[in-house]
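Taking it in order: structure first as structure tokens, then the write-up.
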Amino acid sequence: MIARLLESRELAPGSRHFVFEAEGGEFHYQPGQFVSLVTKVGDDEITRAYSIAAAPDGNRFALCANLVPDGRFSPSLFAMEAGDTLQLKGVLGTFVLRQPPVDSILVATGTGIAPFRAMLAEKHAPQFTLIFGVRHESSLLYDDEWRKLAATRPNFDYRPTLTRPGSNWTGRTGRVHEHVLEAVGDRRDIDIYICGLREMVDELRARLKALGMDRKRIIYERYD
């Protein structure tokens, strides 16, 4: 299949939101899954996986990505203009909401926020708490959306945290780990979804297991 870029916009310095349309067949996915995109760099074929950052919308899908200036894929992605195409290998992944959903904590760092944007596009009856950790306030991707959602949906709680806060920041600080443990409290009947860099995911999983959380309730996706 082919992925044709429809539009893109800056989310934060070095981060963009991309909207593509899949061509060449029917395109279906579950919120939380990812796509594999392919481009040519010289004689090499480079493949990268990106979580889909929006709810299903026909053959359209959205991604959010960081620019890696010396990377092999992202510079080509960021240089794309509307109408340009990439090869689309398809939809993969099992990082999806369990059914029926229960009270859940969603934990993200950086672009690990992408699958949660797809998941939270639909209303859910249980309580969902989103804990989102980045370095700087400017890197809180989709921050306005999360704050609006928290203001309008009683069963959604948004808890951003910064490791390098500015002088005007009055919110949470530090890494996500302690904030997750605080949100868990004495509860062991909740699901915890984690998406982000491997080091964060592995450390948080270990700390949750040490608390006595059932490993089957810890659903995760990690990347390097």
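Each chain of the structure tokens is named A, B, ... in the order shown, its residues numbered from 1; ligands are numbered from 1 in display order.
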Near A:Tyr220, counting only C-alpha atoms, which residues have an atom at most 12 Å away, once you skip same-chain residues fewer than 2 positions from it, shown as a VMD selection string?
-> chain A and resid 32 to 33 93 to 97 105 to 108 112 115 to 116 191 to 198 200 to 205 215 to 218 222 to 223
Long-range neighbours of stretch 70-87 of chain A as a ChimeraX atom specification, 6 Å cut-off, only C-alpha atoms, 6 positions minimum in chain | /A:2-7,37-38
Kindly save the residues from that selection, with N, CA and C atoms included, as a CSV table (one decimal), in the first residue's frame.
chain,number,residue,atom,x,y,z
A,2,ILE,N,0.3,2.4,-0.3
A,2,ILE,CA,0.9,3.6,-0.3
A,2,ILE,C,0.3,4.6,0.7
A,3,ALA,N,1.2,5.3,1.4
A,3,ALA,CA,0.7,6.3,2.4
A,3,ALA,C,1.0,7.7,1.8
A,4,ARG,N,-0.1,8.5,1.5
A,4,ARG,CA,0.1,9.8,0.9
A,4,ARG,C,-0.1,10.8,2.0
A,5,LEU,N,0.8,11.8,2.1
A,5,LEU,CA,0.8,12.8,3.1
A,5,LEU,C,-0.3,13.8,2.7
A,6,LEU,N,-1.2,14.1,3.7
A,6,LEU,CA,-2.3,15.1,3.4
A,6,LEU,C,-1.9,16.4,4.1
A,7,GLU,N,-1.3,16.3,5.3
A,7,GLU,CA,-0.9,17.6,6.0
A,7,GLU,C,0.0,17.2,7.1
A,37,LEU,N,6.4,2.2,8.0
A,37,LEU,CA,6.6,3.0,6.8
A,37,LEU,C,8.0,2.7,6.2
A,38,VAL,N,8.1,2.8,4.9
A,38,VAL,CA,9.4,2.5,4.2
A,38,VAL,C,9.7,3.6,3.3
Which residues come within 12 Å of A:Phe156, counting only C-alpha atoms, excluding same-chain residues fewer than 6 positions away, as a PyMOL selection string?
-> chain A and resi 103-106+120-131+146-150
Keeping C-alpha atoms for every residue in the selection just given, could you write it to a file as a short mmCIF file (atom, residue, chain, number, x, y, z; two decimals), in the first residue's frame?
data_model
loop_
_atom_site.label_atom_id
_atom_site.label_comp_id
_atom_site.auth_asym_id
_atom_site.auth_seq_id
_atom_site.Cartn_x
_atom_site.Cartn_y
_atom_site.Cartn_z
CA ASP A 103 -10.18 1.82 35.53
CA SER A 104 -6.73 2.40 34.01
CA ILE A 105 -3.55 4.43 34.32
CA LEU A 106 -1.93 5.42 31.03
CA LEU A 120 -8.81 8.34 24.33
CA ALA A 121 -10.63 9.65 21.26
CA GLU A 122 -13.57 7.50 22.28
CA LYS A 123 -15.46 7.94 25.52
CA HIS A 124 -14.92 5.25 28.11
CA ALA A 125 -16.98 4.63 31.23
CA PRO A 126 -14.08 3.70 33.54
CA GLN A 127 -11.71 6.21 35.13
CA PHE A 128 -8.64 6.89 33.00
CA THR A 129 -5.60 8.72 34.42
CA LEU A 130 -2.97 9.92 31.93
CA ILE A 131 0.52 10.51 33.34
CA TRP A 146 -5.53 16.76 27.23
CA ARG A 147 -6.44 19.78 29.33
CA LYS A 148 -9.68 20.28 27.42
CA LEU A 149 -10.52 16.60 27.80
CA ALA A 150 -9.85 16.74 31.55
#
As a check of understanding: the span from atom CA of A:Thr173 to atom CA of A:Ala210 is 23.2 Å
Residue list (strand (DSSP E or B), DSSP) for stretch 106-143 of chain A, as an MDAnalysis selection string = chainID A and resid 106:109 128:134
Contacts of A:Arg164 within 8 Å, only C-alpha atoms, excl. fewer than 3 positions in-chain, as an mmCIF file with C-alpha atoms, in the first residue's frame:
data_model
loop_
_atom_site.group_PDB
_atom_site.id
_atom_site.type_symbol
_atom_site.label_atom_id
_atom_site.label_comp_id
_atom_site.auth_asym_id
_atom_site.auth_seq_id
_atom_site.Cartn_x
_atom_site.Cartn_y
_atom_site.Cartn_z
ATOM 1 C CA ARG A 135 11.699 17.335 29.944
ATOM 2 C CA HIS A 136 10.277 20.749 29.060
ATOM 3 C CA THR A 173 7.965 17.536 38.460
ATOM 4 C CA GLY A 174 10.309 14.581 38.183
#
Distance query A:Ala53 at most 12 Å, only C-alpha atoms, self and fewer than 4 positions along chain excluded, as a VMD selection string | chain A and resid 16 to 20 29 to 35 57 60 to 65 111 to 121 141 to 142
Pick out the closest residue to A:Val91 from this set: A:Ser167, A:Tyr50, A:Gly185, A:Lys209. Count only C-alpha atoms.
-> A:Tyr50
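For stretch 15-130 of chain A, backbone-based DSSP assignment of alpha helix (DSSP H) covers Ser74, Pro75, Ser76, Leu77, Phe78, Ala114, Pro115, Phe116, Arg117, Ala118 and Met119 of chain A.
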